[in-house]
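**Q** One file: query.cif (mmCIF, C-alpha atoms and all ligand atoms).
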```cif
data_input
#
loop_
_atom_site.group_PDB
_atom_site.id
_atom_site.type_symbol
_atom_site.label_atom_id
_atom_site.label_comp_id
_atom_site.auth_asym_id
_atom_site.auth_seq_id
_atom_site.Cartn_x
_atom_site.Cartn_y
_atom_site.Cartn_z
ATOM 1 C CA MET A 15 -1.780 -20.167 -2.111
ATOM 2 C CA GLU A 16 -3.708 -17.594 -0.118
ATOM 3 C CA SER A 17 -5.709 -18.496 2.944
ATOM 4 C CA ASN A 18 -8.656 -20.676 1.928
ATOM 5 C CA GLN A 19 -12.044 -18.933 2.082
ATOM 6 C CA SER A 20 -13.689 -21.757 3.995
ATOM 7 C CA GLU A 21 -10.964 -22.133 6.629
ATOM 8 C CA VAL A 22 -11.097 -20.040 9.810
ATOM 9 C CA VAL A 23 -8.096 -17.718 9.649
ATOM 10 C CA ASP A 24 -6.469 -16.427 12.822
ATOM 11 C CA TRP A 25 -5.758 -13.008 11.322
ATOM 12 C CA GLY A 26 -4.309 -11.590 14.528
ATOM 13 C CA ARG A 27 -1.713 -14.380 14.600
ATOM 14 C CA LYS A 28 -1.015 -14.006 10.871
ATOM 15 C CA ALA A 29 -0.565 -10.233 11.102
ATOM 16 C CA TRP A 30 1.698 -10.569 14.135
ATOM 17 C CA ASN A 31 3.860 -13.222 12.438
ATOM 18 C CA LEU A 32 4.256 -10.971 9.402
ATOM 19 C CA LEU A 33 5.164 -7.913 11.494
ATOM 20 C CA ASP A 34 7.599 -10.084 13.454
ATOM 21 C CA SER A 35 9.172 -11.273 10.177
ATOM 22 C CA VAL A 36 9.540 -7.682 8.969
ATOM 23 C CA ARG A 37 11.268 -6.809 12.243
ATOM 24 C CA ARG A 38 13.577 -9.849 12.088
ATOM 25 C CA GLN A 39 14.426 -9.660 8.371
ATOM 26 C CA SER A 40 14.372 -5.874 7.968
ATOM 27 C CA PRO A 41 13.689 -6.042 4.227
ATOM 28 C CA LEU A 42 15.220 -3.335 2.050
ATOM 29 C CA ILE A 43 12.396 -1.432 0.339
ATOM 30 C CA GLN A 44 13.228 0.759 -2.647
ATOM 31 C CA CYS A 45 10.750 3.615 -2.835
ATOM 32 C CA ILE A 46 10.263 5.699 -5.950
ATOM 33 C CA THR A 47 7.802 8.097 -4.429
ATOM 34 C CA ASN A 48 6.503 11.634 -4.407
ATOM 35 C CA PHE A 49 8.192 14.552 -2.622
ATOM 36 C CA VAL A 50 5.285 14.957 -0.174
ATOM 37 C CA SER A 51 5.487 11.399 1.156
ATOM 38 C CA MET A 52 9.217 10.703 1.397
ATOM 39 C CA ASP A 53 9.602 11.555 5.077
ATOM 40 C CA LEU A 54 6.480 9.831 6.445
ATOM 41 C CA MET A 55 6.974 6.791 4.222
ATOM 42 C CA ALA A 56 10.590 6.302 5.297
ATOM 43 C CA ASN A 57 9.659 6.723 8.959
ATOM 44 C CA THR A 58 6.725 4.318 8.636
ATOM 45 C CA LEU A 59 9.013 1.654 7.169
ATOM 46 C CA LEU A 60 11.689 2.237 9.795
ATOM 47 C CA SER A 61 9.251 2.098 12.686
ATOM 48 C CA ALA A 62 7.830 -1.192 11.340
ATOM 49 C CA GLY A 63 11.354 -2.648 11.226
ATOM 50 C CA ALA A 64 12.008 -2.412 7.473
ATOM 51 C CA SER A 65 14.794 -0.517 5.765
ATOM 52 C CA PRO A 66 13.688 2.253 3.379
ATOM 53 C CA ALA A 67 15.718 3.683 0.500
ATOM 54 C CA MET A 68 14.284 6.557 -1.532
ATOM 55 C CA LEU A 69 16.305 6.028 -4.730
ATOM 56 C CA HIS A 70 14.716 7.156 -7.958
ATOM 57 C CA SER A 71 17.531 7.954 -10.361
ATOM 58 C CA ILE A 72 17.476 5.757 -13.473
ATOM 59 C CA GLU A 73 21.294 5.603 -13.417
ATOM 60 C CA GLU A 74 21.224 3.765 -10.065
ATOM 61 C CA ILE A 75 18.581 1.163 -10.835
ATOM 62 C CA PRO A 76 20.861 -1.537 -12.352
ATOM 63 C CA ASP A 77 23.172 -1.352 -9.311
ATOM 64 C CA PHE A 78 20.633 -0.904 -6.550
ATOM 65 C CA THR A 79 17.299 -2.538 -7.427
ATOM 66 C CA PRO A 80 18.773 -6.092 -7.379
ATOM 67 C CA HIS A 81 19.578 -5.562 -3.666
ATOM 68 C CA ALA A 82 16.056 -4.442 -2.736
ATOM 69 C CA HIS A 83 13.652 -7.041 -1.329
ATOM 70 C CA ALA A 84 10.639 -5.149 -2.704
ATOM 71 C CA LEU A 85 9.899 -2.012 -4.686
ATOM 72 C CA SER A 86 7.268 0.648 -4.090
ATOM 73 C CA ILE A 87 6.283 2.929 -6.977
ATOM 74 C CA ASN A 88 4.128 5.987 -6.315
ATOM 75 C CA ILE A 89 3.141 8.544 -8.971
ATOM 76 C CA GLY A 90 2.126 11.335 -6.544
ATOM 77 C CA THR A 91 4.299 14.172 -7.896
ATOM 78 C CA LEU A 92 4.715 12.701 -11.339
ATOM 79 C CA SER A 93 6.636 14.421 -14.093
ATOM 80 C CA PRO A 94 7.704 12.908 -17.422
ATOM 81 C CA SER A 95 11.348 12.631 -16.370
ATOM 82 C CA TRP A 96 10.503 10.164 -13.555
ATOM 83 C CA PHE A 97 8.589 7.720 -15.700
ATOM 84 C CA PRO A 98 11.580 5.956 -17.344
ATOM 85 C CA ALA A 99 13.053 5.199 -13.910
ATOM 86 C CA MET A 100 9.724 3.804 -12.699
ATOM 87 C CA LYS A 101 9.502 1.536 -15.727
ATOM 88 C CA ALA A 102 13.137 0.432 -15.486
ATOM 89 C CA ALA A 103 12.799 -0.423 -11.789
ATOM 90 C CA ALA A 104 9.492 -2.252 -12.296
ATOM 91 C CA ALA A 105 10.923 -4.248 -15.196
ATOM 92 C CA LEU A 106 14.026 -5.240 -13.255
ATOM 93 C CA ALA A 107 12.037 -6.137 -10.139
ATOM 94 C CA SER A 108 9.702 -8.333 -12.197
ATOM 95 C CA GLU A 109 12.627 -9.964 -14.012
ATOM 96 C CA LEU A 110 14.290 -10.767 -10.673
ATOM 97 C CA GLY A 111 11.067 -12.069 -9.090
ATOM 98 C CA LYS A 112 10.883 -9.243 -6.560
ATOM 99 C CA PRO A 113 7.444 -8.053 -5.454
ATOM 100 C CA TRP A 114 6.447 -4.495 -6.241
ATOM 101 C CA VAL A 115 3.555 -2.261 -5.254
ATOM 102 C CA LEU A 116 1.946 0.480 -7.335
ATOM 103 C CA ASP A 117 0.214 3.457 -5.701
ATOM 104 C CA PRO A 118 -1.768 5.237 -8.464
ATOM 105 C CA VAL A 119 -2.042 8.569 -6.639
ATOM 106 C CA ALA A 120 -4.617 10.864 -8.272
ATOM 107 C CA VAL A 121 -4.798 8.665 -11.363
ATOM 108 C CA CYS A 122 -8.187 10.269 -11.921
ATOM 109 C CA ALA A 123 -6.693 13.797 -12.074
ATOM 110 C CA SER A 124 -5.322 13.828 -15.613
ATOM 111 C CA ASP A 125 -5.023 11.884 -18.824
ATOM 112 C CA PHE A 126 -1.199 11.853 -18.394
ATOM 113 C CA ARG A 127 -1.448 10.074 -15.023
ATOM 114 C CA MET A 128 -3.924 7.557 -16.377
ATOM 115 C CA LYS A 129 -1.648 6.662 -19.309
ATOM 116 C CA VAL A 130 1.387 6.286 -17.039
ATOM 117 C CA CYS A 131 -0.565 4.111 -14.610
ATOM 118 C CA LEU A 132 -1.946 1.879 -17.327
ATOM 119 C CA GLU A 133 1.587 1.262 -18.612
ATOM 120 C CA LEU A 134 2.756 0.421 -15.091
ATOM 121 C CA VAL A 135 -0.231 -1.862 -14.474
ATOM 122 C CA ALA A 136 0.676 -3.716 -17.681
ATOM 123 C CA MET A 137 4.090 -4.399 -16.116
ATOM 124 C CA LYS A 138 2.405 -6.646 -13.528
ATOM 125 C CA PRO A 139 2.667 -5.100 -10.063
ATOM 126 C CA THR A 140 2.218 -7.582 -7.212
ATOM 127 C CA VAL A 141 -0.172 -5.223 -5.407
ATOM 128 C CA ILE A 142 -2.017 -2.069 -6.467
ATOM 129 C CA ARG A 143 -3.146 0.064 -3.482
ATOM 130 C CA GLY A 144 -5.239 3.170 -3.921
ATOM 131 C CA ASN A 145 -8.185 4.974 -2.430
ATOM 132 C CA ALA A 146 -11.675 4.196 -3.744
ATOM 133 C CA SER A 147 -11.802 6.903 -6.434
ATOM 134 C CA GLU A 148 -8.372 5.882 -7.743
ATOM 135 C CA ILE A 149 -9.294 2.199 -7.983
ATOM 136 C CA ILE A 150 -12.651 2.969 -9.635
ATOM 137 C CA ALA A 151 -10.924 5.188 -12.216
ATOM 138 C CA LEU A 152 -8.106 2.713 -12.866
ATOM 139 C CA SER A 153 -10.496 -0.190 -13.320
ATOM 140 C CA LYS A 154 -12.308 1.845 -16.005
ATOM 141 C CA ALA A 155 -8.898 2.449 -17.630
ATOM 142 C CA SER A 156 -9.920 5.815 -18.960
ATOM 143 C CA PHE A 157 -9.613 9.377 -17.707
ATOM 144 C CA SER A 158 -12.840 11.245 -16.948
ATOM 145 C CA THR A 159 -13.163 14.813 -15.645
ATOM 146 C CA GLU A 160 -15.979 13.711 -13.318
ATOM 147 C CA LEU A 161 -13.445 11.915 -11.053
ATOM 148 C CA ALA A 162 -10.745 14.608 -11.248
ATOM 149 C CA SER A 163 -12.475 16.916 -8.772
ATOM 150 C CA LYS A 164 -10.717 15.899 -5.534
ATOM 151 C CA GLY A 165 -7.176 15.286 -6.766
ATOM 152 C CA VAL A 166 -5.369 12.950 -4.363
ATOM 153 C CA ASP A 167 -8.389 12.451 -2.064
ATOM 154 C CA SER A 168 -11.298 10.080 -2.582
ATOM 155 C CA ILE A 169 -14.901 11.031 -3.306
ATOM 156 C CA HIS A 170 -16.039 7.424 -2.820
ATOM 157 C CA GLU A 171 -16.237 4.994 0.094
ATOM 158 C CA SER A 172 -13.991 1.927 -0.126
ATOM 159 C CA VAL A 173 -16.974 -0.451 -0.128
ATOM 160 C CA ASP A 174 -18.278 1.309 -3.273
ATOM 161 C CA ALA A 175 -15.114 0.156 -5.055
ATOM 162 C CA ILE A 176 -15.386 -3.593 -4.372
ATOM 163 C CA GLU A 177 -16.590 -4.538 -7.858
ATOM 164 C CA ALA A 178 -14.070 -2.184 -9.499
ATOM 165 C CA ALA A 179 -11.294 -3.699 -7.380
ATOM 166 C CA LYS A 180 -12.300 -7.237 -8.370
ATOM 167 C CA LEU A 181 -12.369 -6.276 -12.065
ATOM 168 C CA LEU A 182 -8.967 -4.602 -11.810
ATOM 169 C CA ALA A 183 -7.509 -7.577 -9.950
ATOM 170 C CA LYS A 184 -8.739 -9.954 -12.633
ATOM 171 C CA SER A 185 -7.527 -7.844 -15.562
ATOM 172 C CA SER A 186 -4.134 -6.989 -14.014
ATOM 173 C CA GLU A 187 -3.512 -10.249 -12.113
ATOM 174 C CA ALA A 188 -2.462 -8.060 -9.167
ATOM 175 C CA ILE A 189 -3.799 -8.058 -5.641
ATOM 176 C CA VAL A 190 -5.872 -4.874 -5.381
ATOM 177 C CA ALA A 191 -6.222 -2.975 -2.091
ATOM 178 C CA VAL A 192 -8.690 -0.115 -1.558
ATOM 179 C CA SER A 193 -8.071 1.949 1.570
ATOM 180 C CA GLY A 194 -10.797 3.701 3.523
ATOM 181 C CA ALA A 195 -12.935 3.216 6.633
ATOM 182 C CA ILE A 196 -12.724 -0.482 5.772
ATOM 183 C CA ASP A 197 -9.642 -1.460 3.790
ATOM 184 C CA ILE A 198 -10.721 -3.873 1.052
ATOM 185 C CA VAL A 199 -8.266 -6.357 -0.474
ATOM 186 C CA THR A 200 -9.028 -8.748 -3.326
ATOM 187 C CA ASN A 201 -7.445 -11.112 -5.825
ATOM 188 C CA GLY A 202 -10.530 -10.883 -8.027
ATOM 189 C CA GLU A 203 -12.362 -13.732 -6.270
ATOM 190 C CA GLN A 204 -11.633 -13.609 -2.549
ATOM 191 C CA VAL A 205 -12.418 -10.292 -0.796
ATOM 192 C CA VAL A 206 -11.226 -9.464 2.711
ATOM 193 C CA GLY A 207 -11.597 -6.303 4.759
ATOM 194 C CA ALA A 208 -9.489 -4.719 7.505
ATOM 195 C CA HIS A 209 -11.672 -2.784 9.926
ATOM 196 C CA ASN A 210 -8.931 -0.877 11.702
ATOM 197 C CA GLY A 211 -7.819 2.742 11.587
ATOM 198 C CA VAL A 212 -9.246 6.123 12.531
ATOM 199 C CA ALA A 213 -10.795 8.767 10.261
ATOM 200 C CA MET A 214 -8.150 11.298 11.368
ATOM 201 C CA LEU A 215 -5.578 9.370 9.273
ATOM 202 C CA GLN A 216 -7.113 11.081 6.236
ATOM 203 C CA LYS A 217 -6.052 14.442 7.681
ATOM 204 C CA ILE A 218 -2.355 13.536 7.579
ATOM 205 C CA THR A 219 -0.881 13.777 4.107
ATOM 206 C CA ALA A 220 0.846 10.666 2.766
ATOM 207 C CA THR A 221 -0.692 8.085 5.087
ATOM 208 C CA GLY A 222 -2.006 6.299 1.985
ATOM 209 C CA CYS A 223 1.413 6.440 0.324
ATOM 210 C CA SER A 224 3.063 5.184 3.509
ATOM 211 C CA VAL A 225 0.735 2.227 3.935
ATOM 212 C CA SER A 226 1.415 1.268 0.291
ATOM 213 C CA SER A 227 5.106 0.967 1.119
ATOM 214 C CA LEU A 228 4.297 -0.892 4.338
ATOM 215 C CA ILE A 229 2.437 -3.376 2.127
ATOM 216 C CA ALA A 230 5.647 -3.729 0.079
ATOM 217 C CA ALA A 231 7.556 -4.579 3.279
ATOM 218 C CA PHE A 232 4.984 -7.198 4.315
ATOM 219 C CA VAL A 233 4.897 -8.738 0.832
ATOM 220 C CA ALA A 234 8.714 -8.788 0.829
ATOM 221 C CA VAL A 235 8.695 -11.258 3.736
ATOM 222 C CA ASP A 236 5.880 -13.437 2.317
ATOM 223 C CA LYS A 237 5.675 -12.924 -1.427
ATOM 224 C CA LEU A 238 3.700 -16.125 -2.051
ATOM 225 C CA HIS A 239 0.808 -14.783 0.046
ATOM 226 C CA ALA A 240 0.476 -11.224 -1.205
ATOM 227 C CA LEU A 241 -3.221 -10.880 -0.344
ATOM 228 C CA ASP A 242 -2.665 -11.933 3.267
ATOM 229 C CA ALA A 243 0.409 -9.694 3.532
ATOM 230 C CA ALA A 244 -1.422 -6.681 2.070
ATOM 231 C CA VAL A 245 -4.456 -6.902 4.353
ATOM 232 C CA SER A 246 -2.211 -7.526 7.370
ATOM 233 C CA ALA A 247 -0.110 -4.427 6.614
ATOM 234 C CA LEU A 248 -3.262 -2.307 6.267
ATOM 235 C CA SER A 249 -4.655 -3.662 9.519
ATOM 236 C CA ILE A 250 -1.386 -3.156 11.433
ATOM 237 C CA PHE A 251 -1.127 0.448 10.177
ATOM 238 C CA GLY A 252 -4.733 0.984 11.271
ATOM 239 C CA VAL A 253 -4.057 -0.491 14.715
ATOM 240 C CA ALA A 254 -1.092 1.881 15.111
ATOM 241 C CA GLY A 255 -3.469 4.714 14.194
ATOM 242 C CA GLU A 256 -6.042 3.573 16.765
ATOM 243 C CA LEU A 257 -3.443 3.365 19.549
ATOM 244 C CA GLY A 258 -1.847 6.654 18.487
ATOM 245 C CA MET A 259 -5.237 8.382 18.531
ATOM 246 C CA LYS A 260 -5.574 7.644 22.268
ATOM 247 C CA THR A 261 -2.957 10.310 23.023
ATOM 248 C CA ALA A 262 -3.143 12.494 19.904
ATOM 249 C CA ARG A 263 -4.713 15.966 19.984
ATOM 250 C CA GLY A 264 -5.036 16.381 16.207
ATOM 251 C CA PRO A 265 -3.401 15.351 12.930
ATOM 252 C CA ALA A 266 0.078 16.650 13.780
ATOM 253 C CA SER A 267 0.367 14.788 17.061
ATOM 254 C CA LEU A 268 -1.328 11.715 15.551
ATOM 255 C CA ARG A 269 1.459 11.638 12.948
ATOM 256 C CA MET A 270 3.984 11.390 15.760
ATOM 257 C CA HIS A 271 1.994 8.901 17.860
ATOM 258 C CA LEU A 272 1.247 6.764 14.793
ATOM 259 C CA ILE A 273 4.971 6.226 14.248
ATOM 260 C CA ASP A 274 5.596 5.606 17.946
ATOM 261 C CA SER A 275 2.721 3.113 18.123
ATOM 262 C CA LEU A 276 3.871 1.219 15.047
ATOM 263 C CA HIS A 277 7.331 0.939 16.551
ATOM 264 C CA GLY A 278 6.007 -0.201 19.920
ATOM 265 C CA LEU A 279 3.348 -2.704 18.801
ATOM 266 C CA ASP A 280 3.565 -5.942 20.741
ATOM 267 C CA GLU A 281 1.995 -9.336 20.225
ATOM 268 C CA ALA A 282 -0.827 -8.777 22.725
ATOM 269 C CA ALA A 283 -1.915 -5.509 21.107
ATOM 270 C CA VAL A 284 -1.808 -6.978 17.604
ATOM 271 C CA MET A 285 -3.703 -10.121 18.653
ATOM 272 C CA SER A 286 -6.443 -8.147 20.371
ATOM 273 C CA CYS A 287 -6.809 -5.215 17.917
ATOM 274 C CA VAL A 288 -6.446 -6.702 14.419
ATOM 275 C CA LYS A 289 -9.905 -6.958 12.870
ATOM 276 C CA ILE A 290 -9.950 -8.630 9.469
ATOM 277 C CA THR A 291 -13.030 -10.323 8.025
ATOM 278 C CA SER A 292 -13.946 -12.105 4.841
ATOM 279 C CA PHE A 293 -16.349 -10.365 2.421
ATOM 280 C CA SER A 294 -16.932 -13.340 0.164
HETATM 281 N N1 LIG B 1 -12.793 6.711 7.592
HETATM 282 C C1 LIG B 1 -11.679 6.065 7.943
HETATM 283 N N2 LIG B 1 -11.638 5.389 9.107
HETATM 284 C C2 LIG B 1 -10.532 4.742 9.474
HETATM 285 N N3 LIG B 1 -9.373 4.725 8.767
HETATM 286 C C3 LIG B 1 -9.352 5.376 7.574
HETATM 287 C C4 LIG B 1 -10.505 6.072 7.111
HETATM 288 N N4 LIG B 1 -10.183 6.615 5.900
HETATM 289 C C5 LIG B 1 -8.916 6.274 5.637
HETATM 290 N N5 LIG B 1 -8.408 5.523 6.646
HETATM 291 C C6 LIG B 1 -7.056 4.985 6.715
HETATM 292 O O1 LIG B 1 -6.169 6.034 6.343
HETATM 293 C C7 LIG B 1 -5.064 5.518 5.611
HETATM 294 C C8 LIG B 1 -4.962 6.257 4.281
HETATM 295 O O2 LIG B 1 -6.050 5.848 3.485
HETATM 296 P P1 LIG B 1 -6.742 6.804 2.429
HETATM 297 O O3 LIG B 1 -7.019 8.134 3.031
HETATM 298 O O4 LIG B 1 -7.892 6.054 1.852
HETATM 299 O O5 LIG B 1 -5.601 6.863 1.315
HETATM 300 P P2 LIG B 1 -5.114 8.065 0.436
HETATM 301 O O6 LIG B 1 -4.341 8.917 1.402
HETATM 302 O O7 LIG B 1 -4.249 7.439 -0.582
HETATM 303 O O8 LIG B 1 -6.326 8.731 -0.112
HETATM 304 C C9 LIG B 1 -5.304 4.014 5.463
HETATM 305 O O9 LIG B 1 -4.543 3.358 6.454
HETATM 306 C C10 LIG B 1 -6.810 3.866 5.737
HETATM 307 O O10 LIG B 1 -7.126 2.628 6.319
HETATM 308 C C1 LIG B 2 -0.895 16.014 -1.510
HETATM 309 C C2 LIG B 2 -0.162 15.299 -2.581
HETATM 310 N N1 LIG B 2 -0.001 15.853 -3.809
HETATM 311 C C3 LIG B 2 0.675 15.081 -4.642
HETATM 312 S S1 LIG B 2 1.190 13.651 -3.941
HETATM 313 C C4 LIG B 2 0.438 14.048 -2.464
HETATM 314 C C5 LIG B 2 0.463 13.155 -1.295
HETATM 315 C C6 LIG B 2 -0.703 12.241 -1.316
HETATM 316 O O1 LIG B 2 -0.607 11.317 -0.261
HETATM 317 P P1 LIG B 2 -1.796 10.347 0.115
HETATM 318 O O2 LIG B 2 -2.315 9.776 -1.163
HETATM 319 O O3 LIG B 2 -1.154 9.317 0.955
HETATM 320 O O4 LIG B 2 -2.810 11.161 0.837
HETATM 321 MG MG MG B 3 -3.080 8.218 -2.022
#
```
Go through the file and emit its structure as structure tokens.
Ligand SMILES: Nc1ncnc2c1ncn2[C@@H]1O[C@H](COP(=O)(O)OP(=O)(O)O)[C@@H](O)[C@H]1O
Ligand SMILES: Cc1ncsc1CCOP(=O)(O)O
Ligand SMILES: [Mg+2]

**A**
Amino acid sequence: MESNQSEVVDWGRKAWNLLDSVRRQSPLIQCITNFVSMDLMANTLLSAGASPAMLHSIEEIPDFTPHAHALSINIGTLSPSWFPAMKAAAALASELGKPWVLDPVAVCASDFRMKVCLELVAMKPTVIRGNASEIIALSKASFSTELASKGVDSIHESVDAIEAAKLLAKSSEAIVAVSGAIDIVTNGEQVVGAHNGVAMLQKITATGCSVSSLIAAFVAVDKLHALDAAVSALSIFGVAGELGMKTARGPASLRMHLIDSLHGLDEAAVMSCVKITSFS
């Protein structure tokens, strides 16, 4: 059961406990991800205390996926040859009761991406995390040229995608997370928001991809509370961005300070900086 809507949740404590569990358990996260994100995603997971493995060959899935504690699937640089491995890994993870996260990068950019994503959504991801335009497009379940204009970036605000996220969560039975100025997370009924992060994170490629895999690491250590784990991961990543921004001079140095801050986060910083509120 997720945190009850009427109870007062100490989100700072919850987020810290989850980060602490990731550091103690160092879950193995299999990432089938795009070429752009591999480096930042692996470093994000390492600096949070998890153990990343970027294995995407279909031949290795029967041997390796059973050892992973969670799986992260990202369609960023999709080509037809990758799709069978994504499906095989998702199917095996589901069969073995392992949580998995889908990042529908640029699902609005082409009919091919939309079809691939809809097949993956039907395979029951634990969490779907995208930006607002991606979640709006995916909830409509059909490709439209109107949303294709910005490719991997969003043309909507996250709060504009709340109803779409709820619809998608209900139809897919996944937790749906929409990143943005406020990160929105829903199970279709309950809606929570993480108010952390800095706008400069949008100027570093693959921060969205990386936070999707961080969600996989948090869900790996608390798979019965995927909504709480997802919003905590988003908030913690945002806090690392806020602290990193204090010494950054632009996107390139923020990338470095983001990783350093995530690695160095302590209980006091998490307790005082995490800002998660209920929307419903
Ligand atoms: N305006 C903003 N203010 C603060 N943080 C933001 C803002 N926009 C995005 N972020 C953060 O940047 C990261 C990447 O999100 P986003 O840019 O929405 O994903 P994507 O890269 O997939 O489009 C997330 O951690 C999100 O919280
Ligand atoms: C630029 C780009 N092109 C294909 S995948 C990718 C990375 C997208 O990363 P994010 O969605 O985290 O911005
Ligand atoms: Mg993205």

**Q** Apply the PyMOL selection byres (((chain A and resi 98) around 12) and not hetatm) to the displayed file and report the matching residues as a PyMOL selection string.

**A** chain A and resi 46+70-73+75+92-97+99-105+130+133-134

**Q** So which one's closest to A:Ser246, A:Met68, A:Ile198, A:Ala188, A:Met214? Using all atoms listed in the file, please.

**A**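 Closest candidate: A:Ile198.
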
**Q** Exactly which residues make up the result of the PyMOL selection byres (((not hetatm)) within 9 of (chain B and resi 1)) on this file, given as a PyMOL selection string?

**A** chain A and resi 117-120+143-148+166-168+171-172+192-197+208-226+247-252+255-256

**Q** Kindly resolve the PyMOL selection byres (((chain A and resi 106) around 12) and not hetatm) on the present coordinates and return the residues as number ranges by chain.

**A** A: 72, 74-82, 84-85, 99-105, 107-114, 137-139

**Q** How would the residues just chosen look if you wrote them out with C-alpha atoms as a CSV table (one decimal), in the coordinates of the input?

**A**
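See selection.csv below for the written result:
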```
chain,number,residue,atom,x,y,z
A,72,ILE,CA,17.5,5.8,-13.5
A,74,GLU,CA,21.2,3.8,-10.1
A,75,ILE,CA,18.6,1.2,-10.8
A,76,PRO,CA,20.9,-1.5,-12.4
A,77,ASP,CA,23.2,-1.4,-9.3
A,78,PHE,CA,20.6,-0.9,-6.6
A,79,THR,CA,17.3,-2.5,-7.4
A,80,PRO,CA,18.8,-6.1,-7.4
A,81,HIS,CA,19.6,-5.6,-3.7
A,82,ALA,CA,16.1,-4.4,-2.7
A,84,ALA,CA,10.6,-5.1,-2.7
A,85,LEU,CA,9.9,-2.0,-4.7
A,99,ALA,CA,13.1,5.2,-13.9
A,100,MET,CA,9.7,3.8,-12.7
A,101,LYS,CA,9.5,1.5,-15.7
A,102,ALA,CA,13.1,0.4,-15.5
A,103,ALA,CA,12.8,-0.4,-11.8
A,104,ALA,CA,9.5,-2.3,-12.3
A,105,ALA,CA,10.9,-4.2,-15.2
A,107,ALA,CA,12.0,-6.1,-10.1
A,108,SER,CA,9.7,-8.3,-12.2
A,109,GLU,CA,12.6,-10.0,-14.0
A,110,LEU,CA,14.3,-10.8,-10.7
A,111,GLY,CA,11.1,-12.1,-9.1
A,112,LYS,CA,10.9,-9.2,-6.6
A,113,PRO,CA,7.4,-8.1,-5.5
A,114,TRP,CA,6.4,-4.5,-6.2
A,137,MET,CA,4.1,-4.4,-16.1
A,138,LYS,CA,2.4,-6.6,-13.5
A,139,PRO,CA,2.7,-5.1,-10.1
```

**Q** So how far away is atom CA of A:Ser275 from atom CA of A:Ala234, in Å?

**A**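 Taking atom CA of A:Ala234 and atom CA of A:Ser275, their separation equals 21.8 Å.
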
**Q** Quick one: distance from atom S1 of ligand LIG 2 (chain B) to atom CA of A:Lys129 in Å, one decimal?

**A**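 For atom S1 of ligand LIG 2 (chain B) relative to atom CA of A:Lys129, the distance reads 17.1 Å.
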
**Q** How big is the axis-aligned box around the listed atoms of stretch 73-87 of chain A once 8 Å is added on each side, and where is its centre? Give both in Å to one decimal, as JSON.

**A**
```
{"center_x": 14.7, "center_y": -0.7, "center_z": -7.4, "size_x": 32.9, "size_y": 28.6, "size_z": 28.1}
```

**Q** Go ahead and compute the interatomic distance for atom CA of A:His277 and atom CA of A:Ala231, in Å to one decimal.

**A**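 These atoms are spaced 14.4 Å apart.
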
**Q** Determine, counting all atoms listed in the file, which protein, DNA and RNA residues have an atom within 7 Å of an atom of A:Ile189; residues of the same chain fewer than 2 positions away are not included. Present the result as a list in words.

**A**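 The contact residues come out as Thr140, Val141, Ile142, Ala183, Glu187, Ala191, Thr200, Asn201, Ala240 and Leu241 of chain A.
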
**Q** Residues at most 8 Å from A:Trp25, counting all atoms listed in the file, excluding those fewer than 6 positions away in the same chain, as JSON, numbers by chain?

**A** {"A": [246, 288, 289, 290]}

**Q** Go through A:Val253, A:Cys45, A:Ala155, A:Ile150 one by one, measure the shortest atom-to-atom distance of each to A:Glu177 using all atoms listed in the file, and give the residue with the smallest value.

**A**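 Comparing A:Val253, A:Cys45, A:Ala155, A:Ile150 against A:Glu177, the winner is A:Ile150.
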
**Q** With only C-alpha atoms and all ligand atoms as the atoms that count, which of A:Met128, A:Ala243, A:Val50, A:Val206 lies nearest to ligand LIG 2 (chain B)?

**A**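 Counting only C-alpha atoms and all ligand atoms, the residue closest to ligand LIG 2 (chain B) is A:Val50.
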
**Q** I want to know what sits within 7 Å of stretch 29-35 of chain A, based on all atoms listed in the file, with residues of the same chain fewer than 2 positions away left out; could you give that as a PDB file with C-alpha atoms, in the coordinates of the input?

**A**
```pdb
ATOM      1  CA  TRP A  25      -5.758 -13.008  11.322  1.00  0.00           C
ATOM      2  CA  GLY A  26      -4.309 -11.590  14.528  1.00  0.00           C
ATOM      3  CA  ARG A  27      -1.713 -14.380  14.600  1.00  0.00           C
ATOM      4  CA  ARG A  37      11.268  -6.809  12.243  1.00  0.00           C
ATOM      5  CA  ARG A  38      13.577  -9.849  12.088  1.00  0.00           C
ATOM      6  CA  GLN A  39      14.426  -9.660   8.371  1.00  0.00           C
ATOM      7  CA  PHE A 232       4.984  -7.198   4.315  1.00  0.00           C
ATOM      8  CA  VAL A 235       8.695 -11.258   3.736  1.00  0.00           C
ATOM      9  CA  SER A 246      -2.211  -7.526   7.370  1.00  0.00           C
ATOM     10  CA  GLU A 281       1.995  -9.336  20.225  1.00  0.00           C
ATOM     11  CA  VAL A 284      -1.808  -6.978  17.604  1.00  0.00           C
TER      12      VAL A 284
END
```

**Q** Counting all atoms listed in the file, figure out which residue out of A:Leu268, A:Ala282, A:Ala56, A:Val115 gets nearest to A:Lys237.

**A**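 Of all the options, A:Val115 lies closest to A:Lys237.
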